[in-house]
Amino acid sequence: MPVEFLGIAATNDGSETTARSGAAFDKEYTLRLGRAHEDHGWDRVLFAYGSGSPDPAPAAAYLASRLDRLQILLAHRPNVSYPTYAAKTFATLDQISGGRLTVHFITGGNDHEQGREGDTLTKDERYARTREYIRIVKKIWTTREPFDHEGEHYRFHDFVSDVFPVRQPRPDVSFGGSSPAAYAVGGAEADIYCLWGEPLEQTARQIEAVKAAAEAAGRTEAPRIQVAFRPIIAPTEELAWEKAHRTLGAIRQRRRAGSRPGPHRDGVAQAPAPQNAGSQRLLAIAEAGERYDRALWTPTAAATGGAGNSNALVGTPETVARALLDYYDLGVDILSARGYDLLGDAIDFGRYVIPLVREEVAKRDAARAAERTAAAATATAAPDLDRPRTAVRG
């Protein structure tokens, strides 16, 4: 199966290790970072969502109108707009991008963050709302006749959109989460299911949970799987680990310098314990060990309180590529990677890691195709032992 690479479409140069140098929305930097991804082999970039951050939809439109190939993954929280409005926004953006849009729906795993924009639903209520929201958006994208909707969270009458996506029958829907409720919604509704980078054993179990949820929802095909990492690469293993520890030190220094709520431990301000299952899993994995499998390193996740995509892959480009191929062999075909130097790491990863992974995936696919061809030839050539034989008369 083909492999795809997802990067980040930040609107400024700030990260966990470096304060941003300019405004929250720096359009020159946004375009420069997008071009770096397009020019170095990436398939798509994520425009993330934060309650106080620049709105990702117009930022994505800005980038899409200036690039030719790079696809867009747009994060969206259902609490911030009605689904009729959102569906039109997404369809318009898909028109601007020429059919390059995927929408990532975020249920929200933190009550405080959700409350910043007036969302007071419980976590279970948010999951129910997200499922209803996704179904409405899909229907608006694909329905040419007015329709009514009477649901638990949304009600409207005689609605039909006048703008439709370029991509047919509709753009892909992306979803993520690590709880049973998340598996149920994503297994039923998502085309792409997103996971944060965990050890191979835990990732395999999550993939099986997503497949089981899809089967329970009556689907014949499970969502494609995406897994996200923070790569830290260097020409040698020794240099890569030195870079990893420098990165960890910078993360801790930034946290000490920042104003963080909650108790302190070892002189470092600690954020409150996370509410979402994904972050809880990352912290539990970090507590159990620092290094897993070929290159997975957990202290970066521990240092951020399990914030989002925060487990690292450390090593030479060859080591990190082999680690990513281990996940590909589990059934992961979208690999998400974001460095701490957003621009420089996007270029380096594109130059030195992506080609190695693509080359090995092509070899695997060619070998599997050859095996299928050989098996088909063998089946055709084999005699049918159950068919009656006609005697040959001399």
# chains A, B, ... in the order shown; residues from 1 in each chain; ligands from 1
>>> closest_atom_pairs(of="stretch 179-246 of chain A", to="stretch 312-327 of chain A", cutoff="6 Å", atoms="only C-alpha atoms", output="Markdown table")
| residue | atom | partner | partner_atom | distance |
| --- | --- | --- | --- | --- |
| A:Phe229 | CA | A:Ala312 | CA | 5.6 |
| A:Arg230 | CA | A:Ala312 | CA | 4.3 |
| A:Pro231 | CA | A:Leu313 | CA | 4.7 |
| A:Ile232 | CA | A:Val314 | CA | 4.9 |
| A:Ile233 | CA | A:Gly315 | CA | 5.2 |
| A:Ala234 | CA | A:Thr316 | CA | 5.2 |
| A:Pro235 | CA | A:Thr316 | CA | 5.5 |
| A:Thr236 | CA | A:Thr316 | CA | 5.5 |
| A:Glu237 | CA | A:Gly315 | CA | 5.1 |
| A:Ala240 | CA | A:Gly315 | CA | 5.1 |
>>> write_last_selection(atoms="N, CA and C atoms", output="PDB file, in the first residue's frame")
ATOM      1  N   PHE A 229       4.777  11.331  15.284  1.00  0.00           N
ATOM      2  CA  PHE A 229       6.016  11.323  16.063  1.00  0.00           C
ATOM      3  C   PHE A 229       6.707  12.678  15.987  1.00  0.00           C
ATOM      4  N   ARG A 230       7.679  12.861  16.884  1.00  0.00           N
ATOM      5  CA  ARG A 230       8.585  14.014  16.848  1.00  0.00           C
ATOM      6  C   ARG A 230       9.991  13.499  16.513  1.00  0.00           C
ATOM      7  N   PRO A 231      10.424  13.548  15.270  1.00  0.00           N
ATOM      8  CA  PRO A 231      11.735  13.018  14.904  1.00  0.00           C
ATOM      9  C   PRO A 231      12.874  13.924  15.363  1.00  0.00           C
ATOM     10  N   ILE A 232      13.929  13.305  15.845  1.00  0.00           N
ATOM     11  CA  ILE A 232      15.165  14.007  16.199  1.00  0.00           C
ATOM     12  C   ILE A 232      16.290  13.255  15.503  1.00  0.00           C
ATOM     13  N   ILE A 233      16.801  13.803  14.406  1.00  0.00           N
ATOM     14  CA  ILE A 233      17.774  13.086  13.590  1.00  0.00           C
ATOM     15  C   ILE A 233      19.086  13.854  13.516  1.00  0.00           C
ATOM     16  N   ALA A 234      20.169  13.090  13.277  1.00  0.00           N
ATOM     17  CA  ALA A 234      21.508  13.653  13.103  1.00  0.00           C
ATOM     18  C   ALA A 234      22.336  12.638  12.315  1.00  0.00           C
ATOM     19  N   PRO A 235      23.517  13.044  11.812  1.00  0.00           N
ATOM     20  CA  PRO A 235      24.307  12.136  10.969  1.00  0.00           C
ATOM     21  C   PRO A 235      24.775  10.867  11.670  1.00  0.00           C
ATOM     22  N   THR A 236      24.989  10.906  12.994  1.00  0.00           N
ATOM     23  CA  THR A 236      25.405   9.715  13.738  1.00  0.00           C
ATOM     24  C   THR A 236      24.470   9.516  14.917  1.00  0.00           C
ATOM     25  N   GLU A 237      24.476   8.290  15.464  1.00  0.00           N
ATOM     26  CA  GLU A 237      23.649   8.004  16.635  1.00  0.00           C
ATOM     27  C   GLU A 237      24.066   8.879  17.822  1.00  0.00           C
ATOM     28  N   ALA A 240      22.775  12.316  17.365  1.00  0.00           N
ATOM     29  CA  ALA A 240      21.319  12.345  17.492  1.00  0.00           C
ATOM     30  C   ALA A 240      20.907  12.352  18.963  1.00  0.00           C
TER      31      ALA A 240
END
>>> residues_around(residues="A:Ile136", least_positions_apart="3", cutoff="8 Å", atoms="only C-alpha atoms", output="ChimeraX atom specification")
/A:83-84,132-133,139-140
>>> residues_around(residues="A:Leu248", least_positions_apart="6", cutoff="8 Å", atoms="only C-alpha atoms", output="tab-separated table (two decimals) with N, CA, C and O atoms, in the first residue's frame")
chain	number	residue	atom	x	y	z
A	299	PRO	N	10.92	10.80	27.07
A	299	PRO	CA	11.07	11.96	27.96
A	299	PRO	C	10.49	13.26	27.40
A	299	PRO	O	10.08	14.14	28.18
A	300	THR	N	10.44	13.43	26.10
A	300	THR	CA	9.83	14.63	25.54
A	300	THR	C	8.34	14.68	25.86
A	300	THR	O	7.77	15.75	26.12
A	303	ALA	N	8.02	15.53	29.59
A	303	ALA	CA	8.36	16.93	29.88
A	303	ALA	C	7.23	17.89	29.52
A	303	ALA	O	7.13	18.98	30.09
>>> select_by_dssp(residues="stretch 75-161 of chain A", states="strand (DSSP E or B)", output="list in words")
Ala75, His76, Leu101, Thr102, Val103, His104, Phe105, Phe147, Asp148, His149, Glu150, Arg155, Phe156, His157, Asp158 and Phe159 of chain A
>>> select_by_dssp(residues="stretch 186-360 of chain A", states="alpha helix (DSSP H)", output="ChimeraX atom specification")
/A:186-189,200-216,237-257,277-288,299-303,317-330,342-352,354-360
>>> write_last_selection(atoms="C-alpha atoms", output="PDB file, in the first residue's frame")
ATOM      1  CA  GLY A 186     -13.889   7.137  14.522  1.00  0.00           C
ATOM      2  CA  GLY A 187     -14.457   3.492  13.673  1.00  0.00           C
ATOM      3  CA  ALA A 188     -17.915   4.372  12.413  1.00  0.00           C
ATOM      4  CA  GLU A 189     -17.273   7.691  10.668  1.00  0.00           C
ATOM      5  CA  LEU A 200       4.719  -0.979  18.576  1.00  0.00           C
ATOM      6  CA  GLU A 201       2.850  -3.353  20.868  1.00  0.00           C
ATOM      7  CA  GLN A 202       0.470  -0.679  22.139  1.00  0.00           C
ATOM      8  CA  THR A 203      -0.012   0.728  18.624  1.00  0.00           C
ATOM      9  CA  ALA A 204      -0.949  -2.704  17.302  1.00  0.00           C
ATOM     10  CA  ARG A 205      -3.591  -3.039  20.013  1.00  0.00           C
ATOM     11  CA  GLN A 206      -5.025   0.372  19.164  1.00  0.00           C
ATOM     12  CA  ILE A 207      -5.220  -0.516  15.483  1.00  0.00           C
ATOM     13  CA  GLU A 208      -7.140  -3.665  16.359  1.00  0.00           C
ATOM     14  CA  ALA A 209      -9.518  -1.609  18.528  1.00  0.00           C
ATOM     15  CA  VAL A 210     -10.208   0.737  15.607  1.00  0.00           C
ATOM     16  CA  LYS A 211     -10.822  -2.201  13.269  1.00  0.00           C
ATOM     17  CA  ALA A 212     -13.184  -3.821  15.766  1.00  0.00           C
ATOM     18  CA  ALA A 213     -15.121  -0.557  16.131  1.00  0.00           C
ATOM     19  CA  ALA A 214     -15.426  -0.242  12.362  1.00  0.00           C
ATOM     20  CA  GLU A 215     -16.684  -3.813  12.101  1.00  0.00           C
ATOM     21  CA  ALA A 216     -19.171  -3.209  14.922  1.00  0.00           C
ATOM     22  CA  GLU A 237      23.649   8.004  16.635  1.00  0.00           C
ATOM     23  CA  GLU A 238      25.844   9.831  19.128  1.00  0.00           C
ATOM     24  CA  LEU A 239      25.005  13.226  17.644  1.00  0.00           C
ATOM     25  CA  ALA A 240      21.319  12.345  17.492  1.00  0.00           C
ATOM     26  CA  TRP A 241      21.216  11.508  21.200  1.00  0.00           C
ATOM     27  CA  GLU A 242      23.148  14.655  22.071  1.00  0.00           C
ATOM     28  CA  LYS A 243      20.558  16.609  20.074  1.00  0.00           C
ATOM     29  CA  ALA A 244      17.755  14.757  21.846  1.00  0.00           C
ATOM     30  CA  HIS A 245      19.030  15.717  25.288  1.00  0.00           C
ATOM     31  CA  ARG A 246      19.547  19.340  24.189  1.00  0.00           C
ATOM     32  CA  THR A 247      15.983  19.364  22.946  1.00  0.00           C
ATOM     33  CA  LEU A 248      14.706  17.958  26.223  1.00  0.00           C
ATOM     34  CA  GLY A 249      16.646  20.589  28.135  1.00  0.00           C
ATOM     35  CA  ALA A 250      15.150  23.342  25.992  1.00  0.00           C
ATOM     36  CA  ILE A 251      11.621  22.025  26.591  1.00  0.00           C
ATOM     37  CA  ARG A 252      12.173  21.998  30.346  1.00  0.00           C
ATOM     38  CA  GLN A 253      13.706  25.462  30.304  1.00  0.00           C
ATOM     39  CA  ARG A 254      10.733  26.846  28.362  1.00  0.00           C
ATOM     40  CA  ARG A 255       8.344  25.325  30.867  1.00  0.00           C
ATOM     41  CA  ARG A 256      10.273  26.765  33.795  1.00  0.00           C
ATOM     42  CA  ALA A 257      10.223  30.190  32.171  1.00  0.00           C
ATOM     43  CA  ALA A 277      -6.969   9.188  27.311  1.00  0.00           C
ATOM     44  CA  GLY A 278      -4.255   9.799  24.703  1.00  0.00           C
ATOM     45  CA  SER A 279      -2.169  12.024  26.975  1.00  0.00           C
ATOM     46  CA  GLN A 280      -2.734   9.706  29.913  1.00  0.00           C
ATOM     47  CA  ARG A 281      -1.400   6.842  27.821  1.00  0.00           C
ATOM     48  CA  LEU A 282       1.698   8.827  26.820  1.00  0.00           C
ATOM     49  CA  LEU A 283       2.482   9.632  30.455  1.00  0.00           C
ATOM     50  CA  ALA A 284       1.972   6.021  31.549  1.00  0.00           C
ATOM     51  CA  ILE A 285       4.307   4.809  28.791  1.00  0.00           C
ATOM     52  CA  ALA A 286       6.920   7.396  29.806  1.00  0.00           C
ATOM     53  CA  GLU A 287       6.613   6.356  33.447  1.00  0.00           C
ATOM     54  CA  ALA A 288       7.247   2.730  32.470  1.00  0.00           C
ATOM     55  CA  PRO A 299      11.073  11.965  27.955  1.00  0.00           C
ATOM     56  CA  THR A 300       9.829  14.633  25.542  1.00  0.00           C
ATOM     57  CA  ALA A 301       6.264  13.474  26.214  1.00  0.00           C
ATOM     58  CA  ALA A 302       6.849  13.426  29.962  1.00  0.00           C
ATOM     59  CA  ALA A 303       8.356  16.929  29.881  1.00  0.00           C
ATOM     60  CA  PRO A 317      17.967   9.024   9.205  1.00  0.00           C
ATOM     61  CA  GLU A 318      18.472   5.316   8.566  1.00  0.00           C
ATOM     62  CA  THR A 319      17.460   4.379  12.117  1.00  0.00           C
ATOM     63  CA  VAL A 320      14.391   6.616  12.112  1.00  0.00           C
ATOM     64  CA  ALA A 321      13.371   5.351   8.665  1.00  0.00           C
ATOM     65  CA  ARG A 322      13.597   1.744   9.875  1.00  0.00           C
ATOM     66  CA  ALA A 323      11.540   2.654  12.937  1.00  0.00           C
ATOM     67  CA  LEU A 324       8.849   4.199  10.749  1.00  0.00           C
ATOM     68  CA  LEU A 325       8.851   1.094   8.541  1.00  0.00           C
ATOM     69  CA  ASP A 326       8.140  -0.999  11.641  1.00  0.00           C
ATOM     70  CA  TYR A 327       4.909   0.973  12.026  1.00  0.00           C
ATOM     71  CA  TYR A 328       4.176   0.675   8.310  1.00  0.00           C
ATOM     72  CA  ASP A 329       4.462  -3.093   8.672  1.00  0.00           C
ATOM     73  CA  LEU A 330       1.794  -2.924  11.415  1.00  0.00           C
ATOM     74  CA  LEU A 342       9.761  23.440  12.364  1.00  0.00           C
ATOM     75  CA  LEU A 343      11.357  24.682   9.156  1.00  0.00           C
ATOM     76  CA  GLY A 344      14.809  23.118   9.415  1.00  0.00           C
ATOM     77  CA  ASP A 345      13.506  19.748  10.570  1.00  0.00           C
ATOM     78  CA  ALA A 346      10.876  19.652   7.810  1.00  0.00           C
ATOM     79  CA  ILE A 347      13.642  20.106   5.241  1.00  0.00           C
ATOM     80  CA  ASP A 348      16.021  17.592   6.833  1.00  0.00           C
ATOM     81  CA  PHE A 349      13.332  14.953   7.340  1.00  0.00           C
ATOM     82  CA  GLY A 350      12.194  15.427   3.755  1.00  0.00           C
ATOM     83  CA  ARG A 351      15.717  15.158   2.398  1.00  0.00           C
ATOM     84  CA  TYR A 352      17.065  12.292   4.472  1.00  0.00           C
ATOM     85  CA  ILE A 354      11.256  10.315   3.468  1.00  0.00           C
ATOM     86  CA  PRO A 355      13.220   8.946   0.455  1.00  0.00           C
ATOM     87  CA  LEU A 356      14.492   5.998   2.514  1.00  0.00           C
ATOM     88  CA  VAL A 357      11.005   5.068   3.675  1.00  0.00           C
ATOM     89  CA  ARG A 358       9.480   5.443   0.221  1.00  0.00           C
ATOM     90  CA  GLU A 359      12.213   3.297  -1.324  1.00  0.00           C
ATOM     91  CA  GLU A 360      11.691   0.484   1.167  1.00  0.00           C
TER      92      GLU A 360
END
>>> atom_distance(atom1="atom CA of A:Ala190", atom2="atom CA of A:Ser174")
5.4 Å
>>> atom_distance(atom1="atom CA of A:Gln275", atom2="atom CA of A:Lys138")
29.1 Å
>>> closest_residue(among="A:Asp111, A:Asn309, A:Ala379, A:Asp124", to="A:Tyr340", atoms="only C-alpha atoms")
A:Asn309
